[in-house]
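Engineer: Got a structure for you, questions after.
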Amino acid sequence: MRRLQPTRRASAVALALGLAGAAACGFLDTQQPNIVDEDELNTAAGAATKRLGAISIFTLAKDGDFNPVAIPGSDDTFNDASDGHILTSGILADEFVNPGFIPSRTEIDLRQAQPTTAGLAELYQSLHRARNAAEDAAASLQAFGDTPDADTGIPEMLALAGFSYIFLAEDFCSGITVSRIVEDTIAYGLPLTTDQVFDTAIVRFNAALTHPSIAAGDPIHSLASVGLGRALVNRALFAEAAVAVASVPADFIYETEHATTPAALHNGVFEAFNDGNFGVFDREGGVGLDFVSAEDLRVQGDSGLGADNNTESWFPSKYPSFESSIPTADYLEAQLIIAESELQTSGFAAMTQRLNDLREPAGLDPLDTPGDLVEATDVLFRERAFWLYATGHRLGDLRRL
C-alpha cells in the first residue's frame with residue numbers, strides 16, 4: 001500500500017533545528033535552536049522549513065494535543081493545547097462523551113456550549129493557524145523554491161489549507177472571519193457564511209489540482225481530490241464530488257504521523273482515550289448510533305472508568321498507541337463520496353454494491369439493497385459513521401442530514 005505520511009517527527013526536528021547559521025563565539029552568541037531568522041526563511045531551505053512547520057501545525061489542529069510546547073524567550077506556546085478537530089467535533093456529535101471532570105467538555109457534550117466555553121477558542125485559533133501556515137508555506141515555496149513547478153510541496157500545502165477550511169466550516173456556524181497579515185499588519189476579513197468557507201476550500205483544492213507537479217493518481221493529487229470531493233458534498237454538489245474523486249487509486253492514504261517521544265508528538269486522540277478524558281456511550285442520548293453494542297469490526301474497544309474514576313464508559317482501540325497514525329484522506333472516503341452521489345440519484349443498487357465492495361475485504365457481511373431513499377440514507381450514513389469513526393467526519397455528516 002502506498003502511504004504518504006508527512007511526519008510530525010520530521011516537523012519537530014525542522015522546527016527545533018531551524019537553519020544553520022554562523023558559528024557561535026560563546027554562550028551568549030548561540031542561536032535559539034527553534035528560531036529561524038526572517039532573512040533565512042526567505043530562501044529555498046527556509047520555505048522547506050515552513051512546509052514542515054505547517055504539517056505539524058495542521059496535525060495539532062486536526063488530531064489534538066495536550067502538551068503545549070513553550071517557545072524560548074516568549075510567553076507563547078507552539079500550540080494551544082487544543083483537543084483538536086477530531087475530538088471536539090466527535091464529542092459534539094454522537095461519537096464521544098466526556099467521562100472526565102472538565103466542565104467545558106461537558107458543555108460541548110450536552111450541546112450547551114457558549115462563546116466563552118473553554119477549548120472552543122483554542123480549536124478555532126488552531127484551525128486558523130493551520131490554514132494560515134499552509135498558505136504561507138505554499139507562497140514561500142512558490143517564491144523561493146529552486147523549481148516551484150516541480151515541487152509537490154506547493155499543492156500539498158494548498159490541500160492542507162483546504163482541509164483546514166473544511167474543518168472550520170464543519171465545526172462552526174456562519175460568521176467565520178478569515179484574516180491575514182499584510183506587511184506586518186492584520187487585515188481583518190469579513191464574516192463568511194458556511195457555504196462561503198466551503199467555497200474557499202474548493203478554491204484551494206482546485207489550485208492544488210492544477211499545479212504542474214502532480215497528475216491524476218499521484219498521492220498529492222489524490223489528497224486534493226478527496227478534499228475537493230468532501231467540500232463539494234458539503235455544498236450538495238454530489239455529481240461534481242464523484243467526478244472529483246474518480247481517479248483516486250485503491251492504495252491511496254494520506255496520514256498524519258505521531259511519536260511516543262517527545263510528548264508534543266503524541267497522538268492526541270489516543271491520549272484522550274488512554275487518560276479516560278473521552279469515551280463512548282452506546283446510542284448516546286437515545287438517538288446516537290450503536291457504536292458499542294453493534295460489535296462492529298471497524299469500531300472495537302474496551303470498557304472502563306473515566307478520568308473522574310466514577311463514570312463507566314467504553315474506550316475505542318482504533319488508535320492503539322501514542323505513535324498511531326491518523327488518516328486525513330484515503331481511497332475509502334473517495335468511494336463513500338461516490339456512493340453518496342449514487343444515493344442522490346436513487347442508484348441504490350449501485351450504492352449498495354460499492355459499499356459491499358468495501359465491506360468484503362474487511363470480512364463484513366454484505367448489505368441488502370435498501371428499498372427507498374430514507375432507508376438508503378440510513379444505510380450510507382451508518383457505513384460512513386463506522387468506516388470513518390474517529391477521523392473527524394461525523395459532525396459534518398450529521399449537519400448534512
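Ordered as shown in the C-alpha cells, chains take letters A, B, and onward, while each chain numbers its residues from 1 and ligands are numbered from 1 in the order shown.
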If you count only C-alpha atoms, which residues fall within 10 Å of Asn356 (chain A), apart from same-chain ones fewer than 5 positions away, as a PyMOL selection string?
Structural biologist: chain A and resi 350-351+361-362+364-368
Engineer: I need the residues from that last selection saved to file as a compact mmCIF listing (two decimals), in the first residue's frame (with N, CA and C atoms), if you can.
Structural biologist:
# COMPACT_ATOMS: atom_id res chain seq x y z
N ALA A 350 -26.42 0.35 -7.13
CA ALA A 350 -25.01 0.69 -7.36
C ALA A 350 -24.34 1.12 -6.06
N MET A 351 -25.06 1.90 -5.26
CA MET A 351 -24.52 2.33 -3.97
C MET A 351 -24.23 1.14 -3.07
N PRO A 361 -13.53 -7.16 1.80
CA PRO A 361 -12.16 -7.40 2.24
C PRO A 361 -11.99 -7.30 3.76
N ALA A 362 -12.90 -6.60 4.42
CA ALA A 362 -12.83 -6.44 5.87
C ALA A 362 -13.53 -7.58 6.61
N LEU A 364 -16.80 -8.28 6.48
CA LEU A 364 -18.14 -7.87 6.92
C LEU A 364 -19.20 -8.47 6.00
N ASP A 365 -20.33 -8.82 6.56
CA ASP A 365 -21.42 -9.39 5.78
C ASP A 365 -21.95 -8.37 4.78
N PRO A 366 -22.44 -8.83 3.63
CA PRO A 366 -22.98 -7.90 2.63
C PRO A 366 -24.28 -7.26 3.10
N LEU A 367 -24.51 -6.06 2.61
CA LEU A 367 -25.74 -5.33 2.92
C LEU A 367 -26.81 -5.65 1.89
N ASP A 368 -28.06 -5.61 2.30
CA ASP A 368 -29.17 -5.73 1.36
C ASP A 368 -29.43 -4.38 0.72
Engineer: Considering only C-alpha atoms, give me a table of residues in region 113-171 of chain A that are at most 7 Å from region 193-212 of chain A, with the closest atom pair and distance in Å for each, as a Markdown table.
Structural biologist:
| residue | atom | partner | partner_atom | distance |
| --- | --- | --- | --- | --- |
| A:Asp149 | CA | A:Pro212 | CA | 5.8 |
| A:Ala150 | CA | A:Pro212 | CA | 6.7 |
| A:Pro155 | CA | A:Ala208 | CA | 4.1 |
| A:Leu158 | CA | A:Arg204 | CA | 5.4 |
| A:Ala159 | CA | A:Phe205 | CA | 5.4 |
| A:Ala161 | CA | A:Arg204 | CA | 6.9 |
| A:Gly162 | CA | A:Ala201 | CA | 4.2 |
| A:Phe163 | CA | A:Ala201 | CA | 6.9 |
| A:Tyr165 | CA | A:Ala201 | CA | 5.4 |
| A:Ile166 | CA | A:Phe198 | CA | 6.0 |
| A:Ala169 | CA | A:Thr194 | CA | 5.4 |
Engineer: Limited to C-alpha atoms, could you put the picked residues into a file as a short mmCIF file (atom, residue, chain, number, x, y, z; two decimals), in the first residue's frame?
Structural biologist:
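Output below, filename part-v7.cif:
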data_model
loop_
_atom_site.label_atom_id
_atom_site.label_comp_id
_atom_site.auth_asym_id
_atom_site.auth_seq_id
_atom_site.Cartn_x
_atom_site.Cartn_y
_atom_site.Cartn_z
CA ASP A 149 6.76 24.00 -10.92
CA ALA A 150 8.15 20.60 -9.90
CA PRO A 155 -0.12 21.60 -3.92
CA LEU A 158 -2.78 24.21 -0.68
CA ALA A 159 -4.61 20.95 0.04
CA ALA A 161 -5.18 24.71 3.76
CA GLY A 162 -8.32 23.43 2.05
CA PHE A 163 -8.86 20.81 4.74
CA TYR A 165 -11.22 25.48 5.86
CA ILE A 166 -13.39 22.35 5.75
CA ALA A 169 -16.95 25.12 8.19
#
Engineer: For Thr152 (chain A), which residue out of A:Arg129, A:Arg51, A:Arg180, A:His393 is the nearest one, using only C-alpha atoms?
Structural biologist: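 Comparing A:Arg129, A:Arg51, A:Arg180, A:His393 against Thr152 (chain A), the winner is A:Arg51.
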Engineer: Please provide as a list in words all residues within 8 Å of Asp282 (chain A), with the sequence filter that same-chain residues fewer than 2 positions apart are discarded (counting only C-alpha atoms).
Structural biologist: Val280, Glu284, Gly288, Leu289, Asp290, Phe291, Val292 and Ser293 of chain A
Engineer: Just asking: which residues within region 135-200 of chain A are alpha helix (DSSP H) according to DSSP, as JSON, numbers by chain?
Structural biologist: {"A": [135, 136, 137, 138, 139, 140, 141, 142, 143, 144, 153, 154, 155, 156, 157, 158, 159, 160, 161, 162, 163, 164, 165, 166, 167, 168, 169, 170, 171, 194, 195, 196, 197, 198, 199, 200]}
Engineer: Using only C-alpha atoms, which protein or nucleic acid residues come within 6 Å of Asp63 (chain A)? Drop anything in the same chain fewer than 3 positions from it, and give the result as a VMD selection string.
Structural biologist: chain A and resid 59 to 60 84 86 268
Engineer: Tell me, in Å to one decimal, how far CA of Glu342 (chain A) is from CA of Val374 (chain A).
Structural biologist: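 Taking CA of Glu342 (chain A) and CA of Val374 (chain A), their separation equals 13.8 Å.
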Engineer: Looking at only C-alpha atoms, which of A:Ala259, A:Ile108, A:Val299, A:Leu336 is the one that sits closest to Trp314 (chain A)?
Structural biologist: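 Checking each candidate against Trp314 (chain A), we get A:Val299 as the closest.
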Engineer: Report as number ranges by chain all protein, DNA and RNA residues lying within 6 Å of region 121-128 of chain A, evaluated on only C-alpha atoms, omitting residues in the same chain fewer than 3 positions from it.
Structural biologist: A: 61, 80, 82, 84, 131, 164
Engineer: State, in Å with one decimal place, the distance from CA of Asn132 (chain A) to CA of Pro327 (chain A).
Structural biologist: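 CA of Pro327 (chain A) lies at a distance of 21.4 Å from CA of Asn132 (chain A).
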Engineer: Would you mind telling me which residue in A:Ala133, A:Leu358, A:Val178, A:Ile326 lies nearest to Glu257 (chain A) when using only C-alpha atoms?
Structural biologist: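 The answer is A:Ile326, which sits nearest to Glu257 (chain A).
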Engineer: With distances taken over only C-alpha atoms, which residue among A:Gly145, A:Gly217, A:Pro103, A:Pro191 lies nearest Ala45 (chain A)?
Structural biologist: A:Gly145
Engineer: Give me every strand (DSSP E or B) residue in region 73-298 of chain A, going by DSSP on the backbone, as an mmCIF file with N, CA and C atoms, in the first residue's frame.
Structural biologist:
data_model
loop_
_atom_site.group_PDB
_atom_site.id
_atom_site.type_symbol
_atom_site.label_atom_id
_atom_site.label_comp_id
_atom_site.auth_asym_id
_atom_site.auth_seq_id
_atom_site.Cartn_x
_atom_site.Cartn_y
_atom_site.Cartn_z
ATOM 1 N N THR A 77 3.161 29.617 23.293
ATOM 2 C CA THR A 77 3.475 28.213 23.049
ATOM 3 C C THR A 77 3.284 27.921 21.574
ATOM 4 N N VAL A 97 -18.105 10.911 24.354
ATOM 5 C CA VAL A 97 -18.683 11.590 25.516
ATOM 6 C C VAL A 97 -17.544 11.979 26.447
ATOM 7 N N ILE A 176 -17.673 33.052 10.209
ATOM 8 C CA ILE A 176 -16.228 32.835 10.327
ATOM 9 C C ILE A 176 -15.497 33.926 9.556
ATOM 10 N N THR A 177 -14.556 34.557 10.214
ATOM 11 C CA THR A 177 -13.744 35.579 9.555
ATOM 12 C C THR A 177 -12.383 34.995 9.210
ATOM 13 N N ARG A 180 -5.839 38.058 7.546
ATOM 14 C CA ARG A 180 -4.497 37.801 7.036
ATOM 15 C C ARG A 180 -3.546 38.878 7.538
ATOM 16 N N ILE A 181 -2.265 38.560 7.477
ATOM 17 C CA ILE A 181 -1.244 39.539 7.839
ATOM 18 C C ILE A 181 -0.648 40.097 6.560
ATOM 19 N N VAL A 182 -0.778 41.387 6.377
ATOM 20 C CA VAL A 182 -0.255 42.072 5.205
ATOM 21 C C VAL A 182 0.750 43.113 5.673
ATOM 22 N N THR A 185 0.772 43.795 9.329
ATOM 23 C CA THR A 185 -0.482 44.346 9.852
ATOM 24 C C THR A 185 -1.611 43.351 9.599
ATOM 25 N N ILE A 186 -2.471 43.177 10.591
ATOM 26 C CA ILE A 186 -3.598 42.258 10.427
ATOM 27 C C ILE A 186 -4.661 42.900 9.543
ATOM 28 N N ALA A 187 -5.001 42.228 8.460
ATOM 29 C CA ALA A 187 -6.094 42.656 7.590
ATOM 30 C C ALA A 187 -7.303 41.796 7.933
ATOM 31 N N PRO A 191 -17.118 38.548 7.903
ATOM 32 C CA PRO A 191 -17.729 37.259 8.276
ATOM 33 C C PRO A 191 -18.212 36.507 7.040
ATOM 34 N N LEU A 192 -17.889 35.225 6.973
ATOM 35 C CA LEU A 192 -18.274 34.388 5.847
ATOM 36 C C LEU A 192 -19.355 33.402 6.271
ATOM 37 N N ILE A 253 -3.550 6.588 0.678
ATOM 38 C CA ILE A 253 -3.875 7.065 2.023
ATOM 39 C C ILE A 253 -2.873 8.155 2.389
ATOM 40 N N TYR A 254 -3.371 9.239 2.959
ATOM 41 C CA TYR A 254 -2.522 10.329 3.458
ATOM 42 C C TYR A 254 -2.789 10.433 4.951
ATOM 43 N N GLU A 255 -1.749 10.248 5.736
ATOM 44 C CA GLU A 255 -1.898 10.205 7.190
ATOM 45 C C GLU A 255 -1.045 11.270 7.858
ATOM 46 N N THR A 256 -1.488 11.697 9.025
ATOM 47 C CA THR A 256 -0.635 12.480 9.908
ATOM 48 C C THR A 256 -0.021 11.516 10.906
ATOM 49 N N GLY A 279 -14.658 9.158 26.044
ATOM 50 C CA GLY A 279 -15.119 7.782 25.950
ATOM 51 C C GLY A 279 -16.298 7.702 25.009
ATOM 52 N N VAL A 280 -17.018 6.591 25.062
ATOM 53 C CA VAL A 280 -18.157 6.361 24.177
ATOM 54 C C VAL A 280 -19.316 5.808 24.992
#
Engineer: Nearest to Thr311 (chain A) among A:Ala329, A:Ala54, A:Asn98, A:Gly46, with distances taken over only C-alpha atoms: which residue is it?
Structural biologist: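 Checking each candidate against Thr311 (chain A), we get A:Asn98 as the closest.
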Engineer: If we count only C-alpha atoms and set the cut-off at 10 Å, which residues sit around Phe381 (chain A), ignoring sequence neighbours fewer than 2 positions away in its own chain? Please answer as number ranges by chain.
Structural biologist: A: 336, 340, 376-379, 383-387, 394, 397-398, 401
Engineer: How many Å separate CA of His85 (chain A) from CA of Gly392 (chain A)?
Structural biologist: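 These two atoms are separated by 6.3 Å.
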Engineer: Would you list the contacts of Phe96 (chain A) as a PDB file with N, CA and C atoms, in the first residue's frame, taking every protein, DNA or RNA residue within 9 Å and counting only C-alpha atoms, but skipping same-chain residues closer than 2 positions in sequence?
Structural biologist:
ATOM      1  N   LEU A  87     -11.568  15.277  18.110  1.00  0.00           N
ATOM      2  CA  LEU A  87     -12.182  15.075  19.421  1.00  0.00           C
ATOM      3  C   LEU A  87     -13.342  16.034  19.665  1.00  0.00           C
ATOM      4  N   THR A  88     -13.151  17.308  19.336  1.00  0.00           N
ATOM      5  CA  THR A  88     -14.195  18.294  19.626  1.00  0.00           C
ATOM      6  C   THR A  88     -15.436  18.053  18.774  1.00  0.00           C
ATOM      7  N   SER A  89     -15.242  17.797  17.487  1.00  0.00           N
ATOM      8  CA  SER A  89     -16.406  17.521  16.638  1.00  0.00           C
ATOM      9  C   SER A  89     -17.066  16.203  17.032  1.00  0.00           C
ATOM     10  N   GLY A  90     -16.262  15.234  17.468  1.00  0.00           N
ATOM     11  CA  GLY A  90     -16.811  13.939  17.857  1.00  0.00           C
ATOM     12  C   GLY A  90     -17.623  13.980  19.130  1.00  0.00           C
ATOM     13  N   ILE A  91     -17.217  14.828  20.077  1.00  0.00           N
ATOM     14  CA  ILE A  91     -17.967  14.921  21.334  1.00  0.00           C
ATOM     15  C   ILE A  91     -19.241  15.743  21.145  1.00  0.00           C
ATOM     16  N   LEU A  92     -19.233  16.656  20.184  1.00  0.00           N
ATOM     17  CA  LEU A  92     -20.455  17.392  19.858  1.00  0.00           C
ATOM     18  C   LEU A  92     -21.432  16.486  19.108  1.00  0.00           C
ATOM     19  N   ALA A  93     -20.906  15.556  18.333  1.00  0.00           N
ATOM     20  CA  ALA A  93     -21.743  14.562  17.656  1.00  0.00           C
ATOM     21  C   ALA A  93     -22.013  13.400  18.616  1.00  0.00           C
ATOM     22  N   ASP A  94     -22.260  12.217  18.078  1.00  0.00           N
ATOM     23  CA  ASP A  94     -22.571  11.059  18.928  1.00  0.00           C
ATOM     24  C   ASP A  94     -21.416  10.069  19.017  1.00  0.00           C
ATOM     25  N   ASN A  98     -17.887  12.746  27.471  1.00  0.00           N
ATOM     26  CA  ASN A  98     -16.898  13.203  28.442  1.00  0.00           C
ATOM     27  C   ASN A  98     -17.065  12.445  29.757  1.00  0.00           C
ATOM     28  N   ASP A 109     -20.453  18.447  25.094  1.00  0.00           N
ATOM     29  CA  ASP A 109     -21.119  17.149  25.006  1.00  0.00           C
ATOM     30  C   ASP A 109     -22.632  17.292  25.145  1.00  0.00           C
ATOM     31  N   PHE A 278     -11.958  11.089  27.314  1.00  0.00           N
ATOM     32  CA  PHE A 278     -13.001  10.906  26.305  1.00  0.00           C
ATOM     33  C   PHE A 278     -13.375   9.432  26.289  1.00  0.00           C
ATOM     34  N   GLY A 279     -14.658   9.158  26.044  1.00  0.00           N
ATOM     35  CA  GLY A 279     -15.119   7.782  25.950  1.00  0.00           C
ATOM     36  C   GLY A 279     -16.298   7.702  25.009  1.00  0.00           C
ATOM     37  N   VAL A 280     -17.018   6.591  25.062  1.00  0.00           N
ATOM     38  CA  VAL A 280     -18.157   6.361  24.177  1.00  0.00           C
ATOM     39  C   VAL A 280     -19.316   5.808  24.992  1.00  0.00           C
ATOM     40  N   PHE A 281     -20.518   6.347  24.775  1.00  0.00           N
ATOM     41  CA  PHE A 281     -21.747   5.767  25.309  1.00  0.00           C
ATOM     42  C   PHE A 281     -22.521   5.178  24.134  1.00  0.00           C
ATOM     43  N   GLU A 284     -25.907   7.211  22.241  1.00  0.00           N
ATOM     44  CA  GLU A 284     -25.890   8.401  23.099  1.00  0.00           C
ATOM     45  C   GLU A 284     -27.190   9.187  22.979  1.00  0.00           C
ATOM     46  N   ALA A 390     -13.886   8.287  14.338  1.00  0.00           N
ATOM     47  CA  ALA A 390     -12.741   8.949  14.980  1.00  0.00           C
ATOM     48  C   ALA A 390     -11.742   9.501  13.977  1.00  0.00           C
TER      49      ALA A 390
END
Engineer: Check the smallest atom-to-atom distance from each of A:Ala264, A:Val245, A:Thr147, A:Val226 to Ser213 (chain A) using only C-alpha atoms, then report the winner.
Structural biologist: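 The shortest atom-to-atom distance to Ser213 (chain A) comes from A:Thr147.
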